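structure_6.cif (mmCIF, C-alpha atoms and all ligand atoms) appears below.
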```cif
data_final
loop_
_atom_site.label_atom_id
_atom_site.label_comp_id
_atom_site.auth_asym_id
_atom_site.auth_seq_id
_atom_site.Cartn_x
_atom_site.Cartn_y
_atom_site.Cartn_z
CA MET A 1 -15.15 18.64 -30.65
CA LYS A 2 -17.95 17.59 -28.29
CA PRO A 3 -16.92 17.34 -24.63
CA VAL A 4 -16.35 13.93 -23.11
CA LYS A 5 -19.14 13.06 -20.69
CA VAL A 6 -18.22 11.74 -17.28
CA GLY A 7 -20.51 10.18 -14.67
CA ILE A 8 -19.34 10.22 -11.05
CA CYS A 9 -20.56 7.38 -8.80
CA GLY A 10 -20.16 8.46 -5.17
CA LEU A 11 -19.79 12.02 -3.92
CA GLY A 12 -17.84 11.39 -0.72
CA THR A 13 -14.34 12.66 0.01
CA VAL A 14 -12.79 11.60 -3.32
CA GLY A 15 -15.94 12.09 -5.43
CA GLY A 16 -16.39 15.64 -4.12
CA GLY A 17 -12.72 16.40 -4.74
CA THR A 18 -12.94 15.01 -8.29
CA PHE A 19 -15.96 17.18 -9.11
CA ASN A 20 -14.25 20.28 -7.69
CA VAL A 21 -10.95 19.74 -9.51
CA LEU A 22 -12.67 18.99 -12.84
CA LYS A 23 -14.71 22.19 -12.45
CA ARG A 24 -11.96 24.48 -11.13
CA ASN A 25 -9.31 23.41 -13.65
CA ALA A 26 -11.70 22.78 -16.56
CA GLU A 27 -9.89 25.08 -18.96
CA GLU A 28 -6.38 23.70 -18.33
CA ILE A 29 -7.69 20.13 -18.33
CA ALA A 30 -9.36 20.68 -21.71
CA ARG A 31 -6.10 22.08 -23.11
CA ARG A 32 -4.34 18.92 -22.00
CA ALA A 33 -7.02 16.44 -23.04
CA GLY A 34 -7.70 18.05 -26.41
CA ARG A 35 -11.41 18.50 -25.64
CA GLY A 36 -13.64 19.53 -22.79
CA ILE A 37 -14.51 17.11 -19.98
CA GLU A 38 -17.98 17.55 -18.56
CA VAL A 39 -19.58 15.91 -15.53
CA ALA A 40 -22.90 14.86 -17.06
CA GLN A 41 -24.37 13.07 -14.03
CA ILE A 42 -23.57 12.29 -10.40
CA ALA A 43 -24.90 9.39 -8.36
CA THR A 44 -25.11 10.04 -4.65
CA ARG A 45 -27.55 9.59 -1.81
CA HIS A 46 -26.12 12.45 0.24
CA PRO A 47 -25.07 15.96 -0.81
CA ASN A 48 -21.46 16.89 -0.08
CA SER A 49 -21.20 20.26 1.67
CA LYS A 50 -17.73 20.78 0.21
CA CYS A 51 -19.00 20.49 -3.32
CA ASP A 52 -21.33 22.87 -5.21
CA THR A 53 -22.78 20.64 -7.92
CA GLY A 54 -24.94 23.47 -9.36
CA SER A 55 -27.20 22.21 -12.15
CA THR A 56 -25.40 18.88 -12.68
CA PRO A 57 -28.06 16.14 -12.75
CA ILE A 58 -28.02 13.99 -9.63
CA THR A 59 -29.46 10.50 -9.17
CA ALA A 60 -29.62 8.29 -6.10
CA ASP A 61 -29.08 5.16 -8.20
CA ILE A 62 -25.48 4.47 -9.30
CA PHE A 63 -26.74 2.15 -12.05
CA ASP A 64 -28.39 5.17 -13.74
CA ILE A 65 -24.84 6.31 -14.55
CA VAL A 66 -23.73 3.08 -16.25
CA ASN A 67 -27.01 2.89 -18.15
CA ASN A 68 -26.90 6.52 -19.28
CA PRO A 69 -26.16 6.38 -23.05
CA GLU A 70 -24.62 9.87 -22.94
CA ILE A 71 -21.83 8.90 -20.56
CA ASP A 72 -18.42 7.89 -21.94
CA ILE A 73 -16.43 7.48 -18.70
CA VAL A 74 -17.77 6.06 -15.44
CA VAL A 75 -15.84 7.20 -12.37
CA GLU A 76 -16.36 4.62 -9.60
CA LEU A 77 -15.79 6.13 -6.17
CA ILE A 78 -18.15 4.15 -3.97
CA GLY A 79 -15.52 1.71 -2.60
CA GLY A 80 -16.05 -1.86 -1.39
CA TYR A 81 -15.96 -5.10 -3.36
CA THR A 82 -19.52 -6.16 -4.03
CA VAL A 83 -21.69 -3.41 -5.51
CA ALA A 84 -18.60 -1.72 -6.95
CA LYS A 85 -17.72 -4.90 -8.84
CA GLU A 86 -21.24 -5.21 -10.23
CA LEU A 87 -21.18 -1.55 -11.23
CA VAL A 88 -17.80 -1.73 -12.97
CA LEU A 89 -18.66 -4.96 -14.84
CA LYS A 90 -21.96 -3.43 -15.97
CA ALA A 91 -20.18 -0.27 -17.14
CA ILE A 92 -17.72 -2.39 -19.14
CA GLU A 93 -20.54 -4.46 -20.61
CA ASN A 94 -22.19 -1.22 -21.71
CA GLY A 95 -18.96 -0.24 -23.50
CA LYS A 96 -17.97 2.50 -21.06
CA HIS A 97 -14.45 3.28 -19.88
CA VAL A 98 -13.96 3.20 -16.12
CA VAL A 99 -11.81 5.21 -13.74
CA THR A 100 -11.64 3.91 -10.17
CA ALA A 101 -9.84 4.67 -6.91
CA ASN A 102 -10.89 1.29 -5.51
CA LYS A 103 -7.76 -0.64 -4.49
CA ALA A 104 -9.72 -3.45 -2.83
CA LEU A 105 -11.72 -4.01 -6.00
CA ILE A 106 -8.65 -4.04 -8.27
CA ALA A 107 -6.49 -6.17 -5.93
CA VAL A 108 -9.20 -8.78 -5.41
CA HIS A 109 -11.17 -8.78 -8.69
CA GLY A 110 -8.78 -6.99 -11.06
CA ASN A 111 -7.83 -10.06 -13.14
CA GLU A 112 -11.50 -10.68 -13.98
CA ILE A 113 -12.25 -6.99 -14.55
CA PHE A 114 -9.28 -6.47 -16.91
CA ALA A 115 -10.14 -9.63 -18.88
CA LYS A 116 -13.68 -8.32 -19.37
CA ALA A 117 -12.41 -4.83 -20.27
CA ARG A 118 -10.05 -6.34 -22.84
CA GLU A 119 -12.91 -8.33 -24.37
CA LYS A 120 -14.95 -5.13 -24.70
CA GLY A 121 -12.03 -2.92 -25.79
CA VAL A 122 -12.42 -0.45 -22.93
CA ILE A 123 -9.98 1.01 -20.41
CA VAL A 124 -10.15 0.55 -16.64
CA ALA A 125 -7.81 3.15 -15.10
CA PHE A 126 -6.82 2.94 -11.44
CA GLU A 127 -4.00 5.40 -10.66
CA ALA A 128 -5.86 6.72 -7.60
CA SER A 129 -6.02 3.25 -6.08
CA VAL A 130 -2.41 3.38 -4.87
CA ALA A 131 -0.76 6.14 -2.85
CA GLY A 132 -3.44 8.81 -3.48
CA GLY A 133 -2.00 11.67 -5.48
CA ILE A 134 1.41 10.11 -6.26
CA PRO A 135 1.47 8.99 -9.92
CA VAL A 136 3.37 5.83 -9.00
CA ILE A 137 1.42 3.47 -11.24
CA LYS A 138 2.21 5.61 -14.26
CA ALA A 139 5.84 5.86 -13.16
CA ILE A 140 6.27 2.08 -12.90
CA ARG A 141 4.08 1.14 -15.85
CA GLU A 142 5.46 3.68 -18.29
CA GLY A 143 8.40 5.62 -16.87
CA LEU A 144 10.33 2.50 -15.80
CA ALA A 145 9.27 0.31 -18.73
CA GLY A 146 12.90 -0.27 -19.75
CA ASN A 147 13.86 -1.81 -16.41
CA ARG A 148 13.81 -5.20 -14.85
CA ILE A 149 12.36 -4.18 -11.50
CA ASN A 150 14.13 -5.84 -8.56
CA TRP A 151 12.10 -4.64 -5.61
CA LEU A 152 9.80 -1.95 -4.31
CA ALA A 153 9.01 -0.84 -0.81
CA GLY A 154 6.46 1.71 0.27
CA ILE A 155 4.65 3.51 3.00
CA ILE A 156 1.29 3.14 1.31
CA ASN A 157 -1.24 3.67 4.05
CA GLY A 158 -1.57 7.28 5.18
CA THR A 159 -3.67 6.48 8.24
CA GLY A 160 -1.12 4.00 9.61
CA ASN A 161 1.77 6.36 8.95
CA PHE A 162 -0.14 9.23 10.59
CA ILE A 163 -0.74 7.06 13.67
CA LEU A 164 2.92 5.94 13.93
CA THR A 165 4.17 9.51 13.46
CA GLU A 166 1.88 11.06 16.06
CA MET A 167 2.64 8.29 18.57
CA ARG A 168 6.40 8.71 18.10
CA GLU A 169 6.53 12.52 17.95
CA LYS A 170 3.79 13.52 20.37
CA GLY A 171 3.31 10.44 22.52
CA ARG A 172 -0.40 10.37 21.57
CA THR A 173 -2.41 7.18 22.01
CA PHE A 174 -3.24 4.88 19.13
CA GLU A 175 -7.03 5.33 19.53
CA ASP A 176 -6.83 9.11 19.73
CA VAL A 177 -4.87 9.44 16.49
CA LEU A 178 -7.03 6.89 14.68
CA LYS A 179 -10.14 8.93 15.58
CA GLU A 180 -8.56 12.05 14.09
CA ALA A 181 -7.62 10.17 10.89
CA GLN A 182 -11.25 9.07 10.57
CA GLU A 183 -12.49 12.65 11.04
CA LEU A 184 -10.08 13.87 8.35
CA GLY A 185 -11.45 11.29 5.88
CA TYR A 186 -8.18 9.34 5.60
CA ALA A 187 -9.25 6.07 7.21
CA GLU A 188 -11.11 3.27 5.46
CA ALA A 189 -14.78 2.65 6.33
CA ASP A 190 -13.43 -0.29 8.34
CA PRO A 191 -10.27 1.15 9.95
CA THR A 192 -8.89 -2.32 10.72
CA PHE A 193 -8.05 -2.35 6.98
CA ASP A 194 -5.62 0.50 7.71
CA VAL A 195 -4.07 -0.71 10.95
CA GLU A 196 -3.90 -4.41 10.10
CA GLY A 197 -2.16 -3.78 6.77
CA ILE A 198 -5.00 -4.99 4.53
CA ASP A 199 -5.34 -1.66 2.70
CA ALA A 200 -1.55 -1.56 2.19
CA ALA A 201 -1.61 -5.17 0.95
CA HIS A 202 -4.29 -4.25 -1.62
CA LYS A 203 -2.02 -1.49 -2.91
CA LEU A 204 1.13 -3.63 -2.76
CA THR A 205 -0.60 -6.39 -4.74
CA ILE A 206 -1.32 -3.86 -7.50
CA LEU A 207 2.22 -2.45 -7.48
CA ALA A 208 3.81 -5.92 -7.55
CA SER A 209 1.71 -6.94 -10.56
CA ILE A 210 2.69 -3.96 -12.64
CA ALA A 211 6.32 -4.14 -11.49
CA PHE A 212 6.90 -7.84 -12.15
CA GLY A 213 4.24 -8.69 -14.74
CA ILE A 214 2.38 -11.21 -12.57
CA PRO A 215 -1.39 -11.59 -12.09
CA LEU A 216 -2.97 -9.87 -9.08
CA GLN A 217 -2.75 -12.26 -6.10
CA PHE A 218 -3.98 -10.43 -3.00
CA ASP A 219 -4.84 -13.70 -1.24
CA LYS A 220 -1.12 -14.60 -1.15
CA ALA A 221 0.05 -11.34 0.45
CA TYR A 222 1.34 -11.55 4.02
CA THR A 223 0.01 -8.88 6.40
CA GLU A 224 0.92 -7.87 9.91
CA GLY A 225 -0.53 -4.76 11.56
CA ILE A 226 0.79 -1.98 13.77
CA ALA A 227 -1.61 -2.30 16.69
CA ARG A 228 0.80 -4.42 18.74
CA LEU A 229 3.81 -2.08 18.42
CA THR A 230 5.02 -0.73 21.76
CA THR A 231 6.66 2.57 22.61
CA ALA A 232 9.57 0.55 24.07
CA ASP A 233 10.37 -0.99 20.67
CA VAL A 234 9.96 2.38 18.92
CA ASN A 235 12.54 3.82 21.36
CA TYR A 236 14.99 0.88 21.16
CA ALA A 237 14.81 1.08 17.35
CA GLU A 238 15.71 4.79 17.56
CA ALA A 239 18.65 3.99 19.85
CA LEU A 240 19.93 1.51 17.24
CA GLY A 241 19.61 4.13 14.47
CA TYR A 242 16.31 2.93 12.96
CA ARG A 243 12.71 4.16 12.52
CA ILE A 244 9.73 1.82 12.54
CA LYS A 245 7.46 2.21 9.53
CA HIS A 246 4.55 0.11 8.31
CA LEU A 247 6.10 -0.99 5.04
CA GLY A 248 4.83 -2.91 2.03
CA VAL A 249 7.67 -4.84 0.41
CA ALA A 250 7.61 -6.67 -2.93
CA ARG A 251 10.84 -8.32 -4.03
CA ARG A 252 11.63 -10.58 -6.93
CA THR A 253 13.91 -13.51 -6.03
CA GLU A 254 14.88 -16.58 -8.05
CA ALA A 255 12.45 -18.71 -6.07
CA GLY A 256 9.50 -16.35 -6.33
CA VAL A 257 8.05 -12.99 -5.36
CA GLU A 258 7.95 -11.73 -1.78
CA LEU A 259 4.72 -9.84 -1.06
CA ARG A 260 4.53 -8.66 2.53
CA VAL A 261 3.24 -5.81 4.71
CA HIS A 262 4.53 -5.47 8.27
CA PRO A 263 6.10 -3.03 10.72
CA THR A 264 9.70 -2.62 9.60
CA LEU A 265 12.84 -1.03 11.01
CA ILE A 266 14.55 1.12 8.38
CA PRO A 267 17.75 3.13 8.87
CA ALA A 268 16.76 6.54 10.23
CA ASP A 269 18.88 8.34 7.63
CA ARG A 270 17.01 6.95 4.60
CA LEU A 271 14.73 9.54 2.95
CA ILE A 272 11.77 7.17 3.26
CA ALA A 273 12.31 6.87 7.03
CA ASN A 274 11.49 10.57 7.24
CA VAL A 275 8.14 10.34 5.47
CA ASN A 276 5.72 11.40 8.17
CA GLY A 277 2.04 12.00 8.86
CA VAL A 278 -0.42 11.05 6.15
CA MET A 279 2.26 11.26 3.47
CA ASN A 280 3.11 8.18 1.41
CA ALA A 281 6.31 7.23 -0.39
CA VAL A 282 7.29 4.36 -2.65
CA MET A 283 10.85 3.31 -3.46
CA VAL A 284 11.27 1.36 -6.69
CA ASN A 285 14.56 -0.28 -7.60
CA GLY A 286 15.17 -1.13 -11.26
CA ASP A 287 18.27 -2.69 -12.80
CA ALA A 288 18.89 0.27 -15.11
CA VAL A 289 17.69 3.22 -13.07
CA GLY A 290 18.78 2.08 -9.59
CA SER A 291 16.63 3.25 -6.69
CA THR A 292 13.92 5.87 -7.24
CA LEU A 293 11.57 7.46 -4.73
CA TYR A 294 8.04 8.81 -5.21
CA TYR A 295 6.59 10.94 -2.44
CA GLY A 296 3.33 12.79 -1.81
CA ALA A 297 -0.07 12.82 -0.14
CA GLY A 298 -1.42 9.28 0.00
CA ALA A 299 -4.99 10.13 0.89
CA GLY A 300 -7.38 13.06 1.12
CA MET A 301 -9.92 14.87 -1.00
CA GLU A 302 -7.94 16.68 -3.70
CA PRO A 303 -4.71 14.64 -3.70
CA THR A 304 -6.71 11.52 -4.60
CA ALA A 305 -8.86 13.56 -7.00
CA SER A 306 -5.63 14.62 -8.73
CA ALA A 307 -4.99 10.98 -9.69
CA VAL A 308 -8.63 10.34 -10.66
CA VAL A 309 -8.67 13.39 -12.95
CA ALA A 310 -5.32 12.42 -14.51
CA ASP A 311 -6.87 9.06 -15.40
CA VAL A 312 -9.92 10.78 -16.89
CA VAL A 313 -7.55 12.86 -19.04
CA ASP A 314 -5.58 9.74 -20.06
CA VAL A 315 -8.75 7.92 -21.05
CA THR A 316 -9.97 10.96 -23.00
CA ARG A 317 -6.69 11.10 -24.94
CA ALA A 318 -6.89 7.38 -25.67
CA LEU A 319 -10.49 7.42 -26.94
CA THR A 320 -9.32 7.54 -30.54
CA THR A 321 -6.71 4.76 -30.18
CA GLY A 322 -7.42 1.13 -30.95
CA PRO A 323 -7.57 -1.17 -27.90
CA ASN A 324 -4.36 -2.94 -28.98
CA ASN A 325 -2.40 0.29 -29.06
CA ARG A 326 -2.96 1.23 -25.43
CA VAL A 327 -0.76 0.78 -22.38
CA PRO A 328 -1.79 -2.63 -20.93
CA HIS A 329 -3.73 -2.49 -17.66
CA LEU A 330 -1.03 -4.38 -15.73
CA ALA A 331 1.92 -2.90 -17.69
CA PHE A 332 2.75 -6.21 -19.41
CA GLN A 333 0.75 -7.63 -22.31
CA PRO A 334 -2.01 -9.81 -20.79
CA ASP A 335 -0.82 -12.98 -22.54
CA SER A 336 2.75 -12.34 -21.35
CA LEU A 337 2.10 -12.38 -17.60
CA SER A 338 4.51 -14.62 -15.70
CA ASP A 339 3.59 -17.44 -13.32
CA HIS A 340 6.52 -16.73 -10.97
CA PRO A 341 5.00 -17.81 -7.62
CA ILE A 342 4.36 -15.65 -4.56
CA LEU A 343 6.52 -16.97 -1.70
CA PRO A 344 5.06 -17.86 1.70
CA ILE A 345 6.37 -15.60 4.48
CA THR A 346 8.55 -18.44 5.87
CA ALA A 347 10.54 -18.42 2.62
CA CYS A 348 11.02 -14.61 2.57
CA GLU A 349 14.38 -13.16 3.54
CA SER A 350 14.94 -10.22 5.85
CA ALA A 351 17.03 -9.01 8.75
CA TYR A 352 15.37 -9.06 12.17
CA TYR A 353 15.11 -7.00 15.34
CA LEU A 354 14.55 -9.25 18.34
CA ARG A 355 13.72 -8.17 21.89
CA ILE A 356 14.20 -10.87 24.47
CA GLN A 357 13.14 -10.47 28.12
CA ALA A 358 15.84 -12.44 29.93
CA LYS A 359 16.79 -13.18 33.52
CA ASP A 360 19.69 -10.98 34.50
CA HIS A 361 22.45 -13.47 35.31
CA PRO A 362 25.66 -14.78 33.72
CA GLY A 363 25.51 -16.98 30.64
CA VAL A 364 22.20 -15.75 29.19
CA LEU A 365 23.78 -13.81 26.34
CA ALA A 366 25.98 -16.82 25.54
CA GLN A 367 22.89 -19.07 25.28
CA VAL A 368 21.16 -16.55 22.97
CA ALA A 369 24.28 -16.28 20.79
CA THR A 370 24.60 -20.09 20.60
CA ILE A 371 21.00 -20.58 19.48
CA LEU A 372 21.45 -18.01 16.73
CA SER A 373 24.85 -19.24 15.58
CA GLU A 374 23.66 -22.88 15.44
CA ARG A 375 21.11 -21.73 12.86
CA GLY A 376 23.63 -19.71 10.85
CA ILE A 377 22.14 -16.39 12.00
CA ASN A 378 24.69 -13.61 12.14
CA ILE A 379 24.24 -10.82 14.71
CA GLU A 380 24.75 -7.28 13.41
CA SER A 381 24.32 -5.45 16.72
CA ILE A 382 23.31 -6.26 20.27
CA MET A 383 22.22 -4.07 23.16
CA GLN A 384 21.51 -5.08 26.74
CA LYS A 385 19.67 -2.44 28.79
CA GLU A 386 21.17 -2.95 32.27
CA ALA A 387 19.62 0.34 33.35
CA GLU A 388 16.19 -1.15 32.67
CA VAL A 389 16.49 -4.24 34.88
CA GLN A 390 13.11 -4.79 36.53
CA ASP A 391 12.16 -7.73 38.74
CA GLY A 392 15.50 -9.35 37.78
CA LEU A 393 14.65 -9.19 34.07
CA VAL A 394 16.67 -7.35 31.44
CA PRO A 395 15.71 -6.58 27.83
CA VAL A 396 18.24 -7.93 25.33
CA ILE A 397 17.82 -6.28 21.95
CA LEU A 398 19.59 -7.48 18.84
CA VAL A 399 19.55 -6.99 15.09
CA THR A 400 20.51 -9.89 12.82
CA HIS A 401 21.87 -10.02 9.30
CA ARG A 402 19.52 -11.16 6.53
CA VAL A 403 18.21 -14.69 6.88
CA VAL A 404 15.29 -16.77 5.63
CA GLU A 405 12.30 -16.32 7.96
CA GLN A 406 11.95 -20.04 8.71
CA ARG A 407 15.33 -19.97 10.47
CA ILE A 408 14.32 -17.05 12.66
CA ASP A 409 11.07 -18.85 13.51
CA ASP A 410 13.12 -21.87 14.66
CA ALA A 411 15.50 -19.66 16.65
CA ILE A 412 12.64 -17.81 18.37
CA ALA A 413 11.01 -21.12 19.31
CA ALA A 414 14.33 -22.30 20.83
CA LEU A 415 14.85 -18.98 22.65
CA GLU A 416 11.36 -19.15 24.13
CA ARG A 417 12.13 -22.65 25.46
CA LEU A 418 15.08 -21.33 27.53
CA ASP A 419 14.45 -21.17 31.29
CA ASP A 420 16.18 -17.79 31.36
CA VAL A 421 13.84 -16.25 28.79
CA VAL A 422 10.41 -15.07 29.87
CA ASP A 423 7.56 -13.78 27.68
CA LYS A 424 7.31 -14.04 23.92
CA VAL A 425 10.27 -12.79 21.91
CA VAL A 426 9.35 -9.60 20.02
CA ARG A 427 10.33 -9.83 16.36
CA ILE A 428 10.24 -6.93 13.87
CA ARG A 429 11.67 -7.22 10.35
CA VAL A 430 14.48 -4.91 9.28
CA GLU A 431 15.10 -3.63 5.72
CA GLN A 432 18.19 -1.64 4.76
CA LEU A 433 16.65 -0.57 1.40
CA ASN A 434 19.98 -0.25 -0.36
N1 LIG B 501 -7.22 4.63 4.07
C1 LIG B 501 -6.29 4.92 3.05
C2 LIG B 501 -5.04 5.49 3.70
C3 LIG B 501 -6.88 5.90 2.07
O1 LIG B 501 -5.09 5.88 4.87
O2 LIG B 501 -4.00 5.52 3.06
C4 LIG B 501 -6.09 6.05 0.81
O3 LIG B 501 -6.07 4.86 0.08
#
```

Represent the structure from my file as structure tokens, please.
Ligand code: HSE
Amino acid sequence: MKPVKVGICGLGTVGGGTFNVLKRNAEEIARRAGRGIEVAQIATRHPNSKCDTGSTPITADIFDIVNNPEIDIVVELIGGYTVAKELVLKAIENGKHVVTANKALIAVHGNEIFAKAREKGVIVAFEASVAGGIPVIKAIREGLAGNRINWLAGIINGTGNFILTEMREKGRTFEDVLKEAQELGYAEADPTFDVEGIDAAHKLTILASIAFGIPLQFDKAYTEGIARLTTADVNYAEALGYRIKHLGVARRTEAGVELRVHPTLIPADRLIANVNGVMNAVMVNGDAVGSTLYYGAGAGMEPTASAVVADVVDVTRALTTGPNNRVPHLAFQPDSLSDHPILPITACESAYYLRIQAKDHPGVLAQVATILSERGINIESIMQKEAEVQDGLVPVILVTHRVVEQRIDDAIAALERLDDVVDKVVRIRVEQLN
């Protein structure tokens, strides 16, 4: 059988890795796919020193790939929303299958792209868009297809996790670690996407869609970054038995779906609390299977290429199947997607870590406890650091039971109105993940 012809758009970190893996493992990949897979053309403006492309034809124009009649599968690895969208839609229009690692593109324009792909009977595969080399999309979409998924929670940005880990373990500064992540090729072109939770929200949006069978709704995801985390809170969290991780959480409730990315305290003895460096991990809880955990490299040249190449193999295997006999893009049949709404953050439920800078005199704790109890907020643990009294101020740290966010907002506003409380109250969400 003739080999399948692939065109790679973009020869950066992931594109170079994809070329290398396809070349190095060509024989094993062909045994899996049932036929050879050949890179017929590459579009790039810059050579990649980590990639010997030999005699493979190179063009500077990515649209040469989608217009090349020889090419069966277009691999989009240029990133971004605008040109990438045009490229993918053109590829689909030309009847080509697409493999992409572009989470921003799928999270923001995926509904339109999948509708177009369905119309044309082609596949758009996107395993590499979430958690690099971890096959979590396949696990949820296929491996957990018998379950009603209750919730998922993940460390899905390697750069952010690398920064938090290095700050906690080595006391390095935020800027210093971010620079290293950029040099290693982990960070997004705009690193605020990593540290402000936008990249994680792109990935969470995709995971929530395939877990709950809802359309992609990135614009409704809540994001909060890690740049404002302090060493003091990292240390207090440790003293209370927690680790702070930048977590993406998607939970199905009766009222709607929670879709949120924020720094989160998780019990230090959970496996996921010990996922460090650039590694990613996703916990998925289904009604039949219980909790499952998927762990691996969430970014980097060959880990991400591993997912891209797996998609190329999947598409190759599916070339002879009719469009109606394929796994649906978003796991559920397109006309069976649910309109269960995404909840605003004020309606989401969580436990909370609060740090209150209070004047060190009698009655302050009683006032704090009254404000919380009047709003039905139960305190799980409380810690007052007498040893850290400075200028007559003492940090009061407490962890609440689960409560709807609106009630915590009201309580924080009331606490900040107290004469004995100075500064803003620090609030970090807490998830037990059990
Ligand atoms: N910037 C992303 C990360 C790359 O750090 O996880 C992988 O999507």

How would you write, as JSON, numbers by chain, the set of residues no farther than 7 Å from ligand LIG 501 (chain B) when counting all atoms listed in the file?
{"A": [129, 130, 131, 132, 156, 157, 158, 159, 160, 186, 187, 188, 194, 199, 298, 299]}

From the list A:Ile198, A:Met283, A:Ala145, A:Ile78, which residue is nearest Asp219 in chain A when using only C-alpha atoms?
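Result for the nearest residue to Asp219 in chain A: A:Ile198.
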
Give the answer as one residue: which of A:Leu337, A:Val430, A:Ala117, A:Cys51 has the shortest atom-to-atom distance to Ala351 in chain A, using all atoms listed in the file?
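Smallest separation from Ala351 in chain A among the options: A:Val430.
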
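In this structure, CA of Phe332 in chain A sits 13.4 Å away from CA of Gly143 in chain A.
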
From the list A:Ala30, A:Val124, A:Ala358, A:Leu259, which residue is nearest Glu224 in chain A when using only C-alpha atoms?
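When distances to Glu224 in chain A are compared using only C-alpha atoms, the smallest one comes from A:Leu259.
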
Check the smallest atom-to-atom distance from each of A:Thr304, A:Thr205, A:Asn434, A:Gln333 to Ser291 in chain A using all atoms listed in the file, then report the winner.
A:Asn434

Could you state the separation of CA of Thr316 in chain A and CA of Leu144 in chain A in Å, given to one decimal place?
23.1 Å

With only C-alpha atoms as the atoms that count, which of A:Val75, A:Arg31, A:Ser49, A:Val21 lies nearest to Ile8 in chain A?
A:Val75

If you count all atoms listed in the file, which residues fall within 9 Å of range 164-173 of chain A, apart from same-chain ones fewer than 5 positions away, as a VMD selection string?
chain A and resid 159 178 226 231 234 to 235 244 to 246 275 to 278

Save out the residues we just selected, C-alpha atoms, as a PDB file, in the coordinates of the input.
```pdb
ATOM      1  CA  THR A 159      -3.670   6.480   8.240  1.00  0.00           C
ATOM      2  CA  LEU A 178      -7.030   6.890  14.680  1.00  0.00           C
ATOM      3  CA  ILE A 226       0.790  -1.980  13.770  1.00  0.00           C
ATOM      4  CA  THR A 231       6.660   2.570  22.610  1.00  0.00           C
ATOM      5  CA  VAL A 234       9.960   2.380  18.920  1.00  0.00           C
ATOM      6  CA  ASN A 235      12.540   3.820  21.360  1.00  0.00           C
ATOM      7  CA  ILE A 244       9.730   1.820  12.540  1.00  0.00           C
ATOM      8  CA  LYS A 245       7.460   2.210   9.530  1.00  0.00           C
ATOM      9  CA  HIS A 246       4.550   0.110   8.310  1.00  0.00           C
ATOM     10  CA  VAL A 275       8.140  10.340   5.470  1.00  0.00           C
ATOM     11  CA  ASN A 276       5.720  11.400   8.170  1.00  0.00           C
ATOM     12  CA  GLY A 277       2.040  12.000   8.860  1.00  0.00           C
ATOM     13  CA  VAL A 278      -0.420  11.050   6.150  1.00  0.00           C
TER      14      VAL A 278
END
```

Minimum-distance residue to Pro323 in chain A, chosen among A:Ile155, A:Val421, A:Ile345, A:Val122 (using only C-alpha atoms)
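Ranking A:Ile155, A:Val421, A:Ile345, A:Val122 by distance to Pro323 in chain A, first place goes to A:Val122.
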
Computed interatomic separation between CA of Ala232 in chain A and CA of Glu388 in chain A (Å)
11.0 Å

Within 8 Å of His340 in chain A, counting all atoms listed in the file, which residues qualify if same-chain residues fewer than 4 places away don't, as a compact mmCIF listing (two decimals) with C-alpha atoms, keeping the file's coordinate frame?
```
# COMPACT_ATOMS: atom_id res chain seq x y z
CA ILE A 214 2.38 -11.21 -12.57
CA ALA A 255 12.45 -18.71 -6.07
CA GLY A 256 9.50 -16.35 -6.33
CA VAL A 257 8.05 -12.99 -5.36
```

Protein/DNA/RNA residues near (-18.5, 16.8, -14.8), cut 12 Å, only C-alpha atoms, as a PyMOL selection string:
chain A and resi 3-9+11+15-26+29+36-43+52-58+71-75+309+312

Name all residues at most 8 Å from Glu405 in chain A (count only C-alpha atoms; drop same-chain ones fewer than 5 positions away) and give them as a PyMOL selection string.
chain A and resi 345-350

Please determine the residues with any atom at most 10 Å from (5.9, 2.4, -13.6) (coordinates as given in the file, with all atoms listed in the file counting) and report them as a list of chain:residue names.
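Output: A:Pro135, A:Val136, A:Ile137, A:Lys138, A:Ala139, A:Ile140, A:Arg141, A:Glu142, A:Gly143, A:Leu144, A:Ala145, A:Gly146, A:Asn147, A:Ile149, A:Leu207, A:Ile210, A:Ala211, A:Val284, A:Leu330, A:Ala331.
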
Give me, as an NGL selection string, all polymer residues having an atom no more than 9 Å from Leu293 in chain A, counting only C-alpha atoms and skipping those fewer than 4 positions away in the same chain.
:A and (271-272 or 281-285)
